>>> print(open('input33.txt').read())   # compact mmCIF, C-alpha atoms
# COMPACT_ATOMS: atom_id res chain seq x y z
CA MET G 24 -112.85 -24.72 52.54
CA PRO G 25 -112.53 -23.78 56.26
CA ARG G 26 -115.22 -21.10 55.87
CA HIS G 27 -117.46 -23.56 54.02
CA THR G 28 -117.02 -26.18 56.74
CA ASP G 29 -117.50 -23.64 59.53
CA THR G 30 -120.78 -22.32 58.11
CA ARG G 31 -122.10 -25.82 57.57
CA SER G 32 -121.19 -27.03 61.07
CA ARG G 33 -122.50 -23.86 62.75
CA ALA G 34 -125.81 -24.15 60.92
CA ARG G 35 -126.04 -27.83 61.82
CA ASP G 36 -125.26 -27.18 65.50
CA GLU G 37 -127.68 -24.27 65.77
CA PHE G 38 -130.42 -26.33 64.16
CA ALA G 39 -129.69 -29.15 66.64
CA ARG G 40 -129.93 -26.75 69.60
CA LEU G 41 -133.26 -25.32 68.47
CA LEU G 42 -134.59 -28.73 67.44
CA ALA G 43 -134.01 -30.05 70.97
CA GLU G 44 -135.82 -27.03 72.43
CA ARG G 45 -138.76 -26.62 70.04
CA GLY G 46 -139.09 -29.58 67.73
CA TYR G 47 -138.85 -29.66 63.96
CA LEU G 48 -141.84 -27.45 63.22
CA GLY G 49 -140.62 -24.81 65.69
CA VAL G 50 -137.42 -24.08 63.76
CA SER G 51 -137.22 -22.09 60.52
CA LEU G 52 -134.41 -21.73 58.01
CA ASP G 53 -134.81 -17.96 58.23
CA GLU G 54 -133.94 -18.10 61.93
CA ILE G 55 -130.98 -20.39 61.35
CA ALA G 56 -129.63 -18.11 58.61
CA GLN G 57 -130.00 -15.06 60.85
CA THR G 58 -128.31 -16.73 63.82
CA VAL G 59 -125.42 -18.06 61.75
CA ASP G 60 -125.23 -14.69 59.93
CA VAL G 61 -125.56 -15.95 56.38
CA ARG G 62 -128.15 -15.48 53.68
CA LYS G 63 -130.87 -18.10 53.46
CA ALA G 64 -129.62 -18.92 49.96
CA SER G 65 -126.28 -19.85 51.54
CA LEU G 66 -128.01 -22.47 53.67
CA TYR G 67 -129.41 -24.03 50.51
CA HIS G 68 -125.87 -24.04 49.10
CA HIS G 69 -124.70 -26.09 52.10
CA PHE G 70 -127.92 -28.09 52.42
CA PRO G 71 -129.52 -28.30 48.94
CA GLY G 72 -132.47 -30.24 50.30
CA GLY G 73 -133.37 -27.41 52.68
CA LYS G 74 -134.70 -28.09 56.16
CA PRO G 75 -135.01 -31.89 55.76
CA ALA G 76 -131.37 -32.05 54.63
CA LEU G 77 -130.35 -30.04 57.67
CA LEU G 78 -132.27 -32.44 59.90
CA ALA G 79 -130.54 -35.42 58.27
CA ALA G 80 -127.15 -33.77 58.88
CA VAL G 81 -128.02 -33.22 62.54
CA ALA G 82 -129.18 -36.84 62.90
CA HIS G 83 -126.04 -38.31 61.33
CA HIS G 84 -123.78 -36.06 63.41
CA TYR G 85 -125.60 -37.09 66.60
CA ILE G 86 -125.30 -40.76 65.70
CA GLU G 87 -121.59 -40.51 64.79
CA ARG G 88 -120.74 -38.63 67.98
CA THR G 89 -122.63 -40.90 70.35
CA SER G 90 -121.64 -44.14 68.60
CA ALA G 91 -117.96 -43.22 69.03
CA VAL G 92 -118.51 -42.90 72.80
CA LEU G 93 -120.46 -46.15 72.82
CA ALA G 94 -117.69 -47.97 70.97
CA GLY G 95 -115.15 -46.74 73.51
CA ALA G 96 -117.29 -48.00 76.39
CA LEU G 97 -117.76 -51.41 74.81
CA ASP G 98 -113.99 -51.67 74.36
CA THR G 99 -113.43 -51.14 78.09
CA GLY G 100 -112.26 -54.02 80.26
CA THR G 101 -112.57 -57.69 79.44
CA THR G 102 -115.66 -58.89 81.32
CA LEU G 103 -119.33 -58.37 80.56
CA ARG G 104 -119.81 -56.51 83.85
CA GLU G 105 -116.94 -54.12 83.13
CA ARG G 106 -118.34 -53.28 79.72
CA LEU G 107 -121.86 -52.82 81.04
CA LEU G 108 -120.52 -50.50 83.75
CA ALA G 109 -118.70 -48.45 81.13
CA LEU G 110 -121.83 -48.35 78.99
CA ALA G 111 -123.99 -47.27 81.93
CA GLY G 112 -121.41 -44.59 82.66
CA THR G 113 -121.95 -43.04 79.24
CA TYR G 114 -125.60 -42.51 80.14
CA ALA G 115 -124.71 -41.05 83.53
CA SER G 116 -122.35 -38.57 81.89
CA GLY G 117 -125.10 -37.22 79.63
CA THR G 118 -123.63 -38.53 76.39
CA TYR G 119 -126.93 -39.32 74.72
CA ASP G 120 -128.74 -35.95 74.94
CA PRO G 121 -132.21 -37.49 75.23
CA ALA G 122 -134.04 -34.28 74.29
CA LEU G 123 -132.23 -34.09 70.95
CA GLY G 124 -132.49 -37.84 70.37
CA ASP G 125 -136.25 -37.79 70.96
CA GLN G 126 -136.75 -34.81 68.65
CA ILE G 127 -134.68 -36.42 65.90
CA TYR G 128 -136.77 -39.58 66.18
CA THR G 129 -140.03 -37.62 66.01
CA ALA G 130 -138.82 -35.44 63.14
CA THR G 131 -137.89 -38.34 60.86
CA ARG G 132 -141.50 -38.27 59.65
CA HIS G 133 -140.55 -35.11 57.75
CA LEU G 134 -137.84 -36.91 55.77
CA ASP G 135 -138.46 -38.70 52.49
CA GLU G 136 -138.35 -42.47 52.57
CA ALA G 137 -134.73 -42.75 51.40
CA ALA G 138 -133.39 -40.26 53.97
CA ARG G 139 -135.51 -41.79 56.75
CA SER G 140 -134.13 -45.21 55.88
CA GLN G 141 -130.54 -43.93 55.94
CA VAL G 142 -130.96 -42.26 59.33
CA SER G 143 -132.74 -45.28 60.80
CA HIS G 144 -130.11 -47.75 59.59
CA ALA G 145 -127.29 -45.52 60.82
CA TYR G 146 -128.95 -45.34 64.26
CA VAL G 147 -129.42 -49.10 64.50
CA ASP G 148 -125.92 -49.86 63.18
CA GLY G 149 -124.20 -47.30 65.40
CA LEU G 150 -126.17 -47.39 68.65
CA ILE G 151 -128.17 -50.63 68.82
CA ALA G 152 -126.22 -53.31 66.96
CA PRO G 153 -123.02 -53.01 69.06
CA VAL G 154 -124.93 -53.56 72.32
CA THR G 155 -126.91 -56.39 70.73
CA ALA G 156 -123.62 -58.02 69.66
CA LEU G 157 -122.33 -57.76 73.25
CA MET G 158 -125.46 -59.49 74.54
CA ASP G 159 -125.26 -62.13 71.83
CA ARG G 160 -121.70 -63.03 72.85
CA ALA G 161 -122.73 -63.14 76.52
CA VAL G 162 -125.61 -65.50 75.75
CA ARG G 163 -123.38 -67.79 73.67
CA THR G 164 -120.71 -67.93 76.41
CA GLY G 165 -123.27 -68.56 79.14
CA GLU G 166 -122.71 -65.22 80.92
CA LEU G 167 -126.39 -64.45 80.34
CA ARG G 168 -129.33 -66.82 80.16
CA ALA G 169 -130.68 -67.81 76.77
CA ALA G 170 -132.78 -64.89 75.54
CA ASP G 171 -133.13 -62.74 72.47
CA PRO G 172 -130.00 -60.51 72.36
CA GLY G 173 -132.00 -57.62 70.90
CA PHE G 174 -134.43 -57.77 73.81
CA LEU G 175 -131.55 -57.90 76.31
CA ALA G 176 -129.86 -54.92 74.65
CA THR G 177 -133.05 -52.86 74.72
CA ALA G 178 -133.78 -53.83 78.33
CA PHE G 179 -130.32 -52.80 79.48
CA MET G 180 -130.33 -49.52 77.57
CA GLU G 181 -133.74 -48.63 79.02
CA LEU G 182 -132.41 -49.28 82.52
CA ALA G 183 -129.24 -47.30 81.85
CA ALA G 184 -131.28 -44.39 80.48
CA MET G 185 -132.52 -43.82 84.04
CA LEU G 186 -129.00 -42.57 84.81
CA GLN G 187 -129.21 -39.65 82.38
CA PRO G 188 -128.90 -36.34 84.23
CA MET G 189 -132.11 -34.39 84.54
CA PRO G 190 -131.89 -30.95 82.89
CA GLU G 191 -131.95 -28.11 85.42
CA GLU G 192 -134.81 -26.33 83.65
CA VAL G 193 -137.38 -29.15 83.88
CA ALA G 194 -139.33 -30.78 86.71
CA MET G 195 -138.37 -29.80 90.27
CA PRO G 196 -135.87 -26.97 90.69
CA PRO G 197 -132.42 -28.46 91.40
CA GLY G 198 -132.46 -27.31 95.04
CA GLU G 199 -135.67 -29.25 95.71
CA ARG G 200 -134.61 -32.55 94.19
CA PRO G 201 -133.74 -35.48 96.46
CA ALA G 202 -130.07 -36.29 96.79
CA HIS G 203 -128.83 -39.23 94.74
CA ASP G 204 -125.91 -41.57 95.11
CA PRO G 205 -122.85 -40.77 92.97
CA ALA G 206 -123.19 -41.70 89.31
CA ALA G 207 -120.64 -44.52 89.63
CA ARG G 208 -122.68 -46.14 92.41
CA LEU G 209 -125.91 -45.77 90.45
CA ALA G 210 -124.24 -47.35 87.42
CA GLU G 211 -123.27 -50.33 89.57
CA ASP G 212 -126.84 -50.62 90.83
CA VAL G 213 -128.19 -50.64 87.27
CA VAL G 214 -125.70 -53.28 86.13
CA ASP G 215 -126.36 -55.45 89.19
CA LEU G 216 -130.12 -55.18 88.66
CA PHE G 217 -129.70 -56.24 85.04
CA LEU G 218 -127.37 -59.14 85.81
CA ARG G 219 -128.95 -60.43 89.02
CA GLY G 220 -132.55 -59.21 89.00
CA ALA G 221 -134.45 -57.49 91.79
CA ALA G 222 -135.31 -60.59 93.83
CA PRO G 223 -133.26 -61.24 97.00
CA GLU G 224 -130.40 -63.70 96.65
CA ARG G 225 -131.20 -67.13 98.02
>>> encode(input="input33.txt", output="structure tokens")
Amino acid sequence: MPRHTDTRSRARDEFARLLAERGYLGVSLDEIAQTVDVRKASLYHHFPGGKPALLAAVAHHYIERTSAVLAGALDTGTTLRERLLALAGTYASGTYDPALGDQIYTATRHLDEAARSQVSHAYVDGLIAPVTALMDRAVRTGELRAADPGFLATAFMELAAMLQPMPEEVAMPPGERPAHDPAARLAEDVVDLFLRGAAPER
């Protein structure tokens, strides 16, 4: 059993790494088998559906891992602001691996309808619904103005996504990038912008 689990997890993790770099069409099962040092037939033993099954495994693992971090952030403190700060902090720490998340989203077109539905529902249930529930409670208690909780959740997550660290190998070389405030300060700025808006206080 340990060897079975190890081969499966190594294949899944290697596929995730290459998926983030190249996209779904840029990764082959032959390459995964060679890297993990197993026969291609062994991959089909672990993932009977082949490459789409491997993609689904990567997607579910990504969702489970990130939703656990999200749940911990949403269980932090007692006030809306404290929980939003903790949530923004998960983005600042690089929890969400945007390159992999984007590639998983794009690659779902290669899944059959049932697998695509499972991945999509898992994503919404694990990563969207908890934030929507937080916004819903805040609207009902008057901490936020009356608005669609789903819209508020999406708006906040889009703001918080600005805090994700920029990979060193893209855009400007690290030494040429402008200095930024510490992540904790930037998280506070994002939360304050969401809660108070950008207009000056009157």
>>> atom_distance(input="input33.txt", atom1="CA of His144 (chain G)", atom2="CA of Ala80 (chain G)")
14.3 Å
>>> atom_distance(input="input33.txt", atom1="CA of Val50 (chain G)", atom2="CA of Phe38 (chain G)")
7.4 Å
>>> residues_near_point(input="input33.txt", point="(-129.8, -54.5, 80.0)", cutoff="12 Å", atoms="all atoms listed in the file", output="VMD selection string")
chain G and resid 103 to 104 106 to 108 110 to 111 151 154 to 155 157 to 158 161 167 170 to 185 210 212 to 220
>>> closest_residue(input="input33.txt", among="G:Leu123, G:Tyr85, G:Ala96, G:Val61", to="Ala145 (chain G)", atoms="all atoms listed in the file")
G:Tyr85
>>> residues_around(input="input33.txt", residues="region 69-71 of chain G", least_positions_apart="5", cutoff="12 Å", atoms="all atoms listed in the file", output="list in words")
Met24, Arg26, His27, Thr28, Asp29, Thr30, Arg31, Ser32, Arg33, Ala34, Arg35, Leu52, Ala56, Val61, Arg62, Lys63, Ala64, Ala76, Leu77, Leu78, Ala79, Ala80 and Val81 of chain G
>>> atom_distance(input="input33.txt", atom1="CA of Thr101 (chain G)", atom2="CA of Leu186 (chain G)")
23.0 Å
>>> residues_around(input="input33.txt", residues="Ala122 (chain G)", least_positions_apart="4", cutoff="9 Å", atoms="only C-alpha atoms", output="PyMOL selection string")
chain G and resi 42-44+126-127
>>> axis_aligned_box(input="input33.txt", around="region 144-162 of chain G", padding_each_side="3 Å", output="AutoDock Vina command-line options")
--center_x -125.9 --center_y -55.4 --center_z 68.1 --size_x 14.4 --size_y 26.2 --size_z 22.9
>>> residues_around(input="input33.txt", residues="Ala91 (chain G)", least_positions_apart="5", cutoff="10 Å", atoms="only C-alpha atoms", output="compact mmCIF listing (two decimals) with C-alpha atoms, keeping the file's coordinate frame")
# COMPACT_ATOMS: atom_id res chain seq x y z
CA ILE G 86 -125.30 -40.76 65.70
CA ALA G 96 -117.29 -48.00 76.39
CA GLY G 149 -124.20 -47.30 65.40
CA LEU G 150 -126.17 -47.39 68.65
>>> closest_residue(input="input33.txt", among="G:Thr129, G:Ser140, G:Gln187, G:Thr58", to="Thr113 (chain G)", atoms="all atoms listed in the file")
G:Gln187
>>> closest_residue(input="input33.txt", among="G:Asp53, G:Glu211, G:Asp125, G:Asp159", to="Lys74 (chain G)", atoms="all atoms listed in the file")
G:Asp53
>>> decode(input="input33.txt", residues="region 38-82 of chain G", atoms="C-alpha atoms", output="mmCIF file, in the first residue's frame")
data_model
loop_
_atom_site.group_PDB
_atom_site.id
_atom_site.type_symbol
_atom_site.label_atom_id
_atom_site.label_comp_id
_atom_site.auth_asym_id
_atom_site.auth_seq_id
_atom_site.Cartn_x
_atom_site.Cartn_y
_atom_site.Cartn_z
ATOM 1 C CA PHE G 38 1.624 16.255 -13.399
ATOM 2 C CA ALA G 39 0.602 19.314 -11.342
ATOM 3 C CA ARG G 40 4.081 20.832 -11.665
ATOM 4 C CA LEU G 41 4.193 20.375 -15.432
ATOM 5 C CA LEU G 42 0.564 21.424 -15.852
ATOM 6 C CA ALA G 43 1.306 24.765 -14.169
ATOM 7 C CA GLU G 44 4.312 25.282 -16.457
ATOM 8 C CA ARG G 45 2.986 24.071 -19.818
ATOM 9 C CA GLY G 46 -0.745 23.533 -19.719
ATOM 10 C CA TYR G 47 -2.674 20.324 -20.262
ATOM 11 C CA LEU G 48 -1.650 19.742 -23.872
ATOM 12 C CA GLY G 49 2.024 20.258 -23.014
ATOM 13 C CA VAL G 50 2.199 17.262 -20.670
ATOM 14 C CA SER G 51 2.288 13.617 -21.765
ATOM 15 C CA LEU G 52 1.787 10.430 -19.788
ATOM 16 C CA ASP G 53 5.037 9.116 -21.257
ATOM 17 C CA GLU G 54 6.913 11.989 -19.632
ATOM 18 C CA ILE G 55 5.159 11.512 -16.303
ATOM 19 C CA ALA G 56 5.944 7.783 -16.324
ATOM 20 C CA GLN G 57 9.594 8.458 -17.113
ATOM 21 C CA THR G 58 9.948 11.114 -14.410
ATOM 22 C CA VAL G 59 8.243 8.994 -11.757
ATOM 23 C CA ASP G 60 10.217 5.946 -12.983
ATOM 24 C CA VAL G 61 7.315 3.626 -13.660
ATOM 25 C CA ARG G 62 5.934 2.014 -16.786
ATOM 26 C CA LYS G 63 3.153 3.871 -18.562
ATOM 27 C CA ALA G 64 0.905 0.879 -17.889
ATOM 28 C CA SER G 65 1.453 1.494 -14.176
ATOM 29 C CA LEU G 66 0.017 4.995 -14.537
ATOM 30 C CA TYR G 67 -3.122 3.487 -16.035
ATOM 31 C CA HIS G 68 -3.265 1.135 -13.034
ATOM 32 C CA HIS G 69 -3.310 4.144 -10.694
ATOM 33 C CA PHE G 70 -5.371 6.349 -13.017
ATOM 34 C CA PRO G 71 -7.559 4.055 -15.174
ATOM 35 C CA GLY G 72 -8.993 7.013 -17.042
ATOM 36 C CA GLY G 73 -5.549 8.077 -18.229
ATOM 37 C CA LYS G 74 -4.590 11.731 -18.522
ATOM 38 C CA PRO G 75 -8.065 13.149 -17.745
ATOM 39 C CA ALA G 76 -8.179 11.059 -14.556
ATOM 40 C CA LEU G 77 -4.771 12.399 -13.573
ATOM 41 C CA LEU G 78 -6.003 15.941 -14.170
ATOM 42 C CA ALA G 79 -9.069 15.299 -11.995
ATOM 43 C CA ALA G 80 -6.820 13.971 -9.218
ATOM 44 C CA VAL G 81 -4.650 17.091 -9.417
ATOM 45 C CA ALA G 82 -7.726 19.339 -9.325
#
